[in-house]
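Here is the structure we will look at.
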Amino acid sequence: MSDYTSRAEEMLEAPKSINPPLPDEYYSAYRDAVGNYMSMRNGCLNALLELVADESTGNTDNASRWRTLCSDALSGIEGCFRDQLELVSKIDGPNDLPALGGVAVRAVDEEKQFFTRLADVNAAAMRDRLVCNAEELKQYTEQLGDIWERIMSDVEDSNKEQRASYDEIVALAKKAVNQLAEADRTQKEKAEKTGSKILWYASKLAGPVATALNIPIPDLAQSTFDILTEWGSAYLDLWTEIHPQLLTRLANYRSALSREEGGVLPVFRQCREQVHSYWNERGTRVSSVWPDLARASLDDWKSRCATSAQRDDADRFSADVYSKIKDRWRCVKDVADDFEKKWTGVFYGALAPTTQDQLTDAPHWKESCDALVSMEISEIGRAFLNNCDEIYGASLSDPIAQLKSAADNLPDEPKAQVKEAIQKIEEKIQSEIKDRIAALHQGIGKTLDWFTPDSIRQTFDRSELEKLIV
């Protein structure tokens with residue numbers, strides 16, 4: 001127990017100035033009264049100190065207990081000096097007993113002022129605030145942990161859906177690239193085969209014995225038609241199938257992305273705003289002044305003490321109380337430091353790049369974009385379509401021209417039949433091959449438009465997500 005009894009000596013000295021001296025029995029009784037009172041007074045001050053030192057988070061109204069203790073002390077002061085106070089109006093021979101009563105009255109009055117003003121000191125109230133503040137910050141830190149866990153769970157679920165759609169898009173892209181390579185090889189073979197067939201007929205028609213060969217001219221047209229129409233349809237059908245599948249995967253990706261944009265990320269941003277407001281209202285910037293308010297209140301009480309001995313006791317008591325208040329403040333500061341360490345860059349302060357990456361998954365999507373772009377699907381597809389134009393330009397135009405030239409040397413009757421067949425071939429090329437190539441340009445082209453680098457990067461761009469959380 002701390003000792004705040006400097007006042008005792010001062011109170012005991014007061015009756016010694018009475019002249020003539022008091023009988024020992026009166027002085028002894030007064031000394032006993034002072035002793036009893038100082039014991040009660042010191043116990044009260046230590047009880048008040050314990051209220052401020054109390055670390056319990058369950059006791060949040062020690063300010064009320066502080067006032068109650070001070071009130072109880074006030075009520076007990078007169079009782080301690082009852083016998084001395086009764087001497088104020090008592091005349092007992094030559095002894096100055098009323099003077100002793102006056103000393104007691106003055107002491108009681110000074111001590112009543114001491115506790116009356118002490119009751120208004122806000123130390124326990126500041127202790128209550130600090131204890132509550134530390135507990136609230138601790139709970140808030142834990143609550144944010146739960147919130148962050150839920151946010152990241154939702155983000156990861158959304159990312160899984162988005163990544164699954166991306167993987168399916170990549171699978172479609174690989175399938176398309178493989179089919180384009182196969183189609184590119186096949187179309188060259190078919191074109192060369194068709195051209196060779198036409199040139200074979202041209203060589204035969206140009207020979208001096210062409211009429212004797214009994215060449216089946218109708219078969220020339222049909223066999224050429226069969227070769228020309230074998231290729232292309234399968235690949236056009238493939239891309240007709242791929243494009244809606246691509247659109248479906250993109251729709252799935254965008255749906256998952258939109259749920260993230262419209263749900264979890266705005267929730268995160270709102271939570272950051274709430275943390276900012278909470279910290280401004282309940283953070284250490286606010287609570288750091290509470291110990292100073294307690295000290296100012298204690299200093300004011302100390303300055304109003306009636307005697308130097310009271311001020312000495314008040315000085316030691318104030319120092320001890322303020323030390324306990326600082327202990328409570330350090331608890332708040334420790335919790336706040338833990339809060340800042342845990343949530344700076346997430347919910348508190350500037351958003352950290354690592355947090356931004358966790359929420360937007362931007363690094364992954366940059367790598368994914370680069371990987372898809374590096375497949376050069378658009379370039380491969382455009383090259384395939386260009387090859388179609390070139391192959392069926394060079395591979396068929398020259399043989400047809402040679403076939404026509406050879407037919408010109410035929411006698412009139414077979415010449416007419418051969419030219420009719422050649423015309424059918426040219427018409428077939430126009431209606432089947434060129435139209436088919438045009439259909440490939442249209443059907444494959446709209447899919448290839450999405451696979452351009454700019455389109456891929458725009459689709460998987462995360463800048464809009466970043467705007468939602470900053």
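Each chain in the structure tokens gets a letter, A, B, ..., in the order shown, and its residues are numbered from 1; ligands are numbered from 1 in order too.
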
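The residue set within 8 Å of segment 128-140 of chain A, counting only C-alpha atoms and dropping same-chain residues fewer than 4 places from it, reads Glu55, Ser56, Thr57, Asn59, Thr60, Asp61, Asn62, Ala63, Ala124, Leu144, Arg282, Gly283, Ser287, Trp290, Arg328, Trp329, Cys331, Val332, Lys333, Val335, Ala336 and Phe339 of chain A.
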
Restrict the selected residues to N, CA and C atoms and save them as a compact mmCIF listing (two decimals), in the first residue's frame.
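Final file, part.txt:
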```txt
# COMPACT_ATOMS: atom_id res chain seq x y z
N GLU A 55 -6.89 -3.61 -14.57
CA GLU A 55 -6.71 -4.02 -15.97
C GLU A 55 -7.93 -4.74 -16.52
N SER A 56 -8.90 -5.02 -15.68
CA SER A 56 -10.06 -5.80 -16.09
C SER A 56 -10.85 -5.09 -17.18
N THR A 57 -11.13 -5.83 -18.25
CA THR A 57 -11.95 -5.26 -19.33
C THR A 57 -13.43 -5.29 -19.00
N ASN A 59 -14.68 -4.28 -16.07
CA ASN A 59 -15.01 -3.11 -15.26
C ASN A 59 -14.87 -1.86 -16.12
N THR A 60 -15.99 -1.35 -16.56
CA THR A 60 -15.95 -0.18 -17.46
C THR A 60 -16.59 1.05 -16.84
N ASP A 61 -16.90 0.96 -15.52
CA ASP A 61 -17.52 2.11 -14.86
C ASP A 61 -16.79 2.41 -13.55
N ASN A 62 -15.48 2.37 -13.59
CA ASN A 62 -14.70 2.70 -12.39
C ASN A 62 -14.81 4.19 -12.05
N ALA A 63 -15.22 4.99 -13.00
CA ALA A 63 -15.43 6.42 -12.72
C ALA A 63 -16.52 6.59 -11.66
N ALA A 124 -10.26 8.13 -13.22
CA ALA A 124 -10.93 6.84 -13.42
C ALA A 124 -11.72 6.83 -14.72
N LEU A 144 -11.83 -7.56 -38.34
CA LEU A 144 -11.28 -7.30 -39.67
C LEU A 144 -10.62 -8.54 -40.24
N ARG A 282 -11.79 6.55 -33.09
CA ARG A 282 -11.43 5.71 -31.96
C ARG A 282 -9.97 5.31 -31.94
N GLY A 283 -9.18 5.85 -32.83
CA GLY A 283 -7.78 5.49 -32.90
C GLY A 283 -6.93 6.25 -31.90
N SER A 287 -7.27 8.92 -28.57
CA SER A 287 -7.06 8.45 -27.20
C SER A 287 -5.71 8.87 -26.62
N TRP A 290 -5.94 11.39 -23.78
CA TRP A 290 -6.65 11.10 -22.54
C TRP A 290 -5.74 11.08 -21.32
N ARG A 328 -2.22 2.03 -18.78
CA ARG A 328 -3.41 1.73 -19.57
C ARG A 328 -3.23 2.25 -21.01
N TRP A 329 -2.63 3.42 -21.13
CA TRP A 329 -2.38 3.98 -22.45
C TRP A 329 -1.44 3.10 -23.26
N CYS A 331 -1.16 -0.04 -23.05
CA CYS A 331 -1.95 -1.19 -23.53
C CYS A 331 -2.69 -0.83 -24.82
N VAL A 332 -3.28 0.36 -24.81
CA VAL A 332 -3.95 0.83 -26.02
C VAL A 332 -2.96 0.93 -27.18
N LYS A 333 -1.80 1.48 -26.88
CA LYS A 333 -0.79 1.68 -27.93
C LYS A 333 -0.31 0.34 -28.48
N VAL A 335 -2.02 -2.48 -28.60
CA VAL A 335 -3.10 -3.02 -29.46
C VAL A 335 -3.15 -2.26 -30.78
N ALA A 336 -2.99 -0.92 -30.69
CA ALA A 336 -3.02 -0.11 -31.91
C ALA A 336 -1.84 -0.43 -32.81
N PHE A 339 -2.63 -3.54 -34.52
CA PHE A 339 -3.62 -3.24 -35.57
C PHE A 339 -2.93 -2.67 -36.81
```

Write out as a PyMOL selection string the residues lying within 8 Å of Leu293 of chain A, counting only C-alpha atoms and excluding same-chain residues fewer than 4 positions away. chain A and resi 122+126+289+297

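Within 9 Å of segment 33-35 of chain A there are Ala8, Met11, Leu12, Ser28, Met40, Cys80, Phe81, Arg82, Asp83 and Gln84 of chain A, counting only C-alpha atoms and ignoring same-chain residues fewer than 5 positions away.
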
File of the preceding selection, C-alpha atoms, as a tab-separated table (two decimals), in the first residue's frame:
```
chain	number	residue	atom	x	y	z
A	8	ALA	CA	-0.97	13.56	9.55
A	11	MET	CA	-2.82	17.90	11.60
A	12	LEU	CA	-1.05	16.76	14.78
A	28	SER	CA	-4.24	11.93	23.03
A	40	MET	CA	-9.22	5.65	6.45
A	80	CYS	CA	-13.55	10.43	12.89
A	81	PHE	CA	-13.49	13.80	14.72
A	82	ARG	CA	-16.92	13.68	16.36
A	83	ASP	CA	-15.61	14.05	19.91
A	84	GLN	CA	-13.36	16.98	18.96
```

From the set A:Lys366, A:Arg272, A:Arg65, A:Arg127, which residue has the shortest atom-to-atom contact distance to Ile456 of chain A, counting only C-alpha atoms? A:Lys366

Skip Leu351 of chain A itself and residues of its chain fewer than 2 positions away, then list as a short mmCIF file (atom, residue, chain, number, x, y, z; two decimals) with C-alpha atoms, in the first residue's frame all residues within 12 Å of it, counting only C-alpha atoms.
```cif
data_model
loop_
_atom_site.label_atom_id
_atom_site.label_comp_id
_atom_site.auth_asym_id
_atom_site.auth_seq_id
_atom_site.Cartn_x
_atom_site.Cartn_y
_atom_site.Cartn_z
CA PHE A 268 -13.67 -4.17 -49.50
CA ARG A 269 -13.54 -0.52 -50.43
CA ARG A 272 -11.59 0.51 -45.88
CA GLU A 273 -13.65 3.68 -45.65
CA TRP A 343 -3.76 -3.98 -41.45
CA THR A 344 -1.53 -1.23 -42.81
CA GLY A 345 -1.63 -1.59 -46.58
CA VAL A 346 -4.89 -3.55 -46.42
CA PHE A 347 -7.64 -1.73 -44.54
CA TYR A 348 -5.47 1.02 -43.07
CA GLY A 349 -3.32 3.59 -44.84
CA PRO A 353 0.70 -3.26 -54.13
CA THR A 354 0.68 -6.81 -52.73
CA THR A 355 -2.87 -6.32 -51.41
CA GLN A 356 -3.96 -4.87 -54.73
CA ASP A 357 -2.48 -7.89 -56.51
CA GLN A 358 -4.26 -10.26 -54.13
CA LEU A 359 -7.60 -8.62 -54.82
CA GLU A 466 -8.06 -1.62 -59.43
CA LYS A 467 -10.24 1.49 -59.58
CA LEU A 468 -12.82 -0.21 -57.39
CA ILE A 469 -10.46 -0.72 -54.45
CA VAL A 470 -8.16 2.31 -54.45
#
```

With only C-alpha atoms as the counted atoms, please give the residues lying no more than 8 Å from segment 67-70 of chain A, apart from itself and same-chain residues fewer than 3 positions off, as JSON, numbers by chain. {"A": [44, 47, 48, 63, 64, 73, 74, 115, 116, 118, 119, 120]}

File dump, residues just selected, N, CA and C atoms, as a PDB file, in the first residue's frame:
```pdb
ATOM      1  N   CYS A  44      -8.565   4.935   1.370  1.00  0.00           N
ATOM      2  CA  CYS A  44      -9.398   5.430   0.266  1.00  0.00           C
ATOM      3  C   CYS A  44      -8.543   5.801  -0.944  1.00  0.00           C
ATOM      4  N   ALA A  47      -7.379   2.754  -2.613  1.00  0.00           N
ATOM      5  CA  ALA A  47      -8.490   2.126  -3.343  1.00  0.00           C
ATOM      6  C   ALA A  47      -8.747   2.858  -4.659  1.00  0.00           C
ATOM      7  N   LEU A  48      -8.635   4.176  -4.624  1.00  0.00           N
ATOM      8  CA  LEU A  48      -8.788   4.962  -5.852  1.00  0.00           C
ATOM      9  C   LEU A  48      -7.685   4.606  -6.848  1.00  0.00           C
ATOM     10  N   ALA A  63     -15.220   4.995 -13.002  1.00  0.00           N
ATOM     11  CA  ALA A  63     -15.433   6.417 -12.717  1.00  0.00           C
ATOM     12  C   ALA A  63     -16.524   6.589 -11.665  1.00  0.00           C
ATOM     13  N   SER A  64     -17.579   5.767 -11.771  1.00  0.00           N
ATOM     14  CA  SER A  64     -18.651   5.825 -10.776  1.00  0.00           C
ATOM     15  C   SER A  64     -18.151   5.342  -9.419  1.00  0.00           C
ATOM     16  N   ALA A  73     -15.646   8.576   1.756  1.00  0.00           N
ATOM     17  CA  ALA A  73     -14.625   9.230   2.569  1.00  0.00           C
ATOM     18  C   ALA A  73     -15.168  10.519   3.172  1.00  0.00           C
ATOM     19  N   LEU A  74     -15.894  11.281   2.355  1.00  0.00           N
ATOM     20  CA  LEU A  74     -16.496  12.529   2.857  1.00  0.00           C
ATOM     21  C   LEU A  74     -17.432  12.245   4.033  1.00  0.00           C
ATOM     22  N   PHE A 115     -11.474  15.870  -0.612  1.00  0.00           N
ATOM     23  CA  PHE A 115     -12.186  14.758  -1.254  1.00  0.00           C
ATOM     24  C   PHE A 115     -13.301  15.228  -2.188  1.00  0.00           C
ATOM     25  N   THR A 116     -13.888  16.383  -1.854  1.00  0.00           N
ATOM     26  CA  THR A 116     -14.919  16.908  -2.755  1.00  0.00           C
ATOM     27  C   THR A 116     -14.330  17.188  -4.129  1.00  0.00           C
ATOM     28  N   LEU A 118     -11.432  15.989  -5.216  1.00  0.00           N
ATOM     29  CA  LEU A 118     -10.877  14.743  -5.756  1.00  0.00           C
ATOM     30  C   LEU A 118     -11.962  13.930  -6.476  1.00  0.00           C
ATOM     31  N   ALA A 119     -13.201  14.011  -5.985  1.00  0.00           N
ATOM     32  CA  ALA A 119     -14.301  13.281  -6.622  1.00  0.00           C
ATOM     33  C   ALA A 119     -14.508  13.720  -8.074  1.00  0.00           C
ATOM     34  N   ASP A 120     -14.151  14.979  -8.364  1.00  0.00           N
ATOM     35  CA  ASP A 120     -14.342  15.499  -9.728  1.00  0.00           C
ATOM     36  C   ASP A 120     -13.162  15.202 -10.647  1.00  0.00           C
TER      37      ASP A 120
END
```

Nearest residue to Asp72 of chain A out of A:Thr447, A:Gly43, A:Ile169, A:Leu247, using only C-alpha atoms?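 Between A:Thr447, A:Gly43, A:Ile169, A:Leu247, the residue approaching Asp72 of chain A most closely is A:Gly43.
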
Using only C-alpha atoms, which residue out of A:Val177, A:Ile444, A:Val275, A:Ala401 lies closest to Glu241 of chain A?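 Between A:Val177, A:Ile444, A:Val275, A:Ala401, the residue approaching Glu241 of chain A most closely is A:Ile444.
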
Residue with smallest distance to Glu260 of chain A - pool A:Leu465, A:Ala171, A:Leu51, A:Ile380, counting only C-alpha atoms: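 Closest to Glu260 of chain A, using only C-alpha atoms: A:Leu465.
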
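Between atom CA of Ala371 of chain A and atom CA of Val155 of chain A there is a distance of 22.6 Å.
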
DSSP on the backbone: which residues in segment 2-54 of chain A end up as alpha helix (DSSP H)? Give the answer as a VMD selection string. chain A and resid 6 to 13 24 to 53

What does the file look like for those residues with N, CA and C atoms, as a short mmCIF file (atom, residue, chain, number, x, y, z; two decimals), in the first residue's frame?
```
data_model
loop_
_atom_site.label_atom_id
_atom_site.label_comp_id
_atom_site.auth_asym_id
_atom_site.auth_seq_id
_atom_site.Cartn_x
_atom_site.Cartn_y
_atom_site.Cartn_z
N SER A 6 1.42 12.43 4.68
CA SER A 6 2.14 13.63 5.11
C SER A 6 1.22 14.57 5.88
N ARG A 7 -0.02 14.53 5.55
CA ARG A 7 -1.00 15.41 6.19
C ARG A 7 -1.11 15.13 7.69
N ALA A 8 -0.82 13.92 8.14
CA ALA A 8 -0.97 13.56 9.55
C ALA A 8 -0.14 14.45 10.46
N GLU A 9 1.11 14.63 10.13
CA GLU A 9 1.99 15.45 10.97
C GLU A 9 1.48 16.88 11.05
N GLU A 10 1.01 17.39 9.93
CA GLU A 10 0.48 18.75 9.91
C GLU A 10 -0.75 18.87 10.81
N MET A 11 -1.61 17.89 10.78
CA MET A 11 -2.82 17.90 11.60
C MET A 11 -2.48 17.75 13.08
N LEU A 12 -1.45 16.97 13.39
CA LEU A 12 -1.05 16.76 14.78
C LEU A 12 -0.36 17.99 15.37
N GLU A 13 0.26 18.78 14.54
CA GLU A 13 0.96 19.97 15.02
C GLU A 13 -0.01 21.10 15.37
N ASP A 24 -3.44 16.16 28.48
CA ASP A 24 -2.97 15.06 27.64
C ASP A 24 -4.11 14.20 27.13
N GLU A 25 -5.12 14.04 27.97
CA GLU A 25 -6.22 13.17 27.57
C GLU A 25 -6.93 13.68 26.33
N TYR A 26 -7.06 15.00 26.21
CA TYR A 26 -7.71 15.57 25.01
C TYR A 26 -6.79 15.48 23.79
N TYR A 27 -5.51 15.76 24.03
CA TYR A 27 -4.57 15.70 22.90
C TYR A 27 -4.41 14.27 22.42
N SER A 28 -4.37 13.34 23.38
CA SER A 28 -4.24 11.93 23.03
C SER A 28 -5.46 11.47 22.23
N ALA A 29 -6.65 11.90 22.65
CA ALA A 29 -7.86 11.53 21.91
C ALA A 29 -7.83 12.12 20.50
N TYR A 30 -7.35 13.35 20.41
CA TYR A 30 -7.25 13.99 19.08
C TYR A 30 -6.25 13.24 18.21
N ARG A 31 -5.13 12.84 18.82
CA ARG A 31 -4.11 12.11 18.06
C ARG A 31 -4.67 10.78 17.55
N ASP A 32 -5.46 10.12 18.41
CA ASP A 32 -6.08 8.87 17.97
C ASP A 32 -7.06 9.12 16.81
N ALA A 33 -7.80 10.23 16.90
CA ALA A 33 -8.75 10.57 15.84
C ALA A 33 -8.02 10.81 14.53
N VAL A 34 -6.89 11.53 14.60
CA VAL A 34 -6.09 11.78 13.40
C VAL A 34 -5.58 10.46 12.83
N GLY A 35 -5.11 9.58 13.71
CA GLY A 35 -4.60 8.29 13.25
C GLY A 35 -5.67 7.48 12.55
N ASN A 36 -6.87 7.43 13.16
CA ASN A 36 -7.96 6.68 12.54
C ASN A 36 -8.36 7.29 11.19
N TYR A 37 -8.41 8.62 11.20
CA TYR A 37 -8.81 9.28 9.95
C TYR A 37 -7.77 9.04 8.86
N MET A 38 -6.49 9.19 9.21
CA MET A 38 -5.44 9.04 8.20
C MET A 38 -5.41 7.62 7.64
N SER A 39 -5.72 6.65 8.51
CA SER A 39 -5.80 5.27 8.02
C SER A 39 -6.93 5.12 7.01
N MET A 40 -8.09 5.69 7.37
CA MET A 40 -9.22 5.65 6.45
C MET A 40 -8.90 6.41 5.17
N ARG A 41 -8.31 7.58 5.33
CA ARG A 41 -7.96 8.43 4.17
C ARG A 41 -6.97 7.73 3.26
N ASN A 42 -5.93 7.15 3.83
CA ASN A 42 -4.90 6.46 3.03
C ASN A 42 -5.49 5.24 2.32
N GLY A 43 -6.38 4.53 3.02
CA GLY A 43 -7.04 3.38 2.40
C GLY A 43 -7.89 3.80 1.22
N CYS A 44 -8.57 4.94 1.37
CA CYS A 44 -9.40 5.43 0.27
C CYS A 44 -8.54 5.80 -0.94
N LEU A 45 -7.44 6.51 -0.69
CA LEU A 45 -6.58 6.92 -1.80
C LEU A 45 -5.98 5.71 -2.51
N ASN A 46 -5.61 4.68 -1.75
CA ASN A 46 -5.07 3.46 -2.37
C ASN A 46 -6.16 2.71 -3.14
N ALA A 47 -7.38 2.75 -2.61
CA ALA A 47 -8.49 2.13 -3.34
C ALA A 47 -8.75 2.86 -4.66
N LEU A 48 -8.64 4.18 -4.62
CA LEU A 48 -8.79 4.96 -5.85
C LEU A 48 -7.68 4.61 -6.85
N LEU A 49 -6.47 4.46 -6.32
CA LEU A 49 -5.35 4.09 -7.18
C LEU A 49 -5.59 2.72 -7.83
N GLU A 50 -6.15 1.78 -7.06
CA GLU A 50 -6.43 0.46 -7.60
C GLU A 50 -7.47 0.52 -8.72
N LEU A 51 -8.43 1.44 -8.58
CA LEU A 51 -9.41 1.60 -9.64
C LEU A 51 -8.75 1.97 -10.96
N VAL A 52 -7.77 2.87 -10.89
CA VAL A 52 -7.08 3.31 -12.10
C VAL A 52 -6.14 2.23 -12.62
N ALA A 53 -5.57 1.45 -11.67
CA ALA A 53 -4.63 0.39 -12.07
C ALA A 53 -5.36 -0.85 -12.59
#
```

Point-to-point distance in Å for atom CA of Thr459 of chain A and atom CA of Glu182 of chain A: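 If I compute the distance from atom CA of Glu182 of chain A to atom CA of Thr459 of chain A, I get 28.5 Å.
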
Selected residue of minimal separation from Ser2 of chain A among A:Leu372, A:Ile377, A:Val321, A:Ala406, counting only C-alpha atoms: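 Of A:Leu372, A:Ile377, A:Val321, A:Ala406, the one nearest Ser2 of chain A is A:Val321, counting only C-alpha atoms.
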
Pick from A:Met375, A:Leu100, A:Ala256, A:Ala438, whichever lies nearest to Glu86 of chain A using only C-alpha atoms: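 Residue with the minimum atom-to-atom distance to Glu86 of chain A: A:Leu100.
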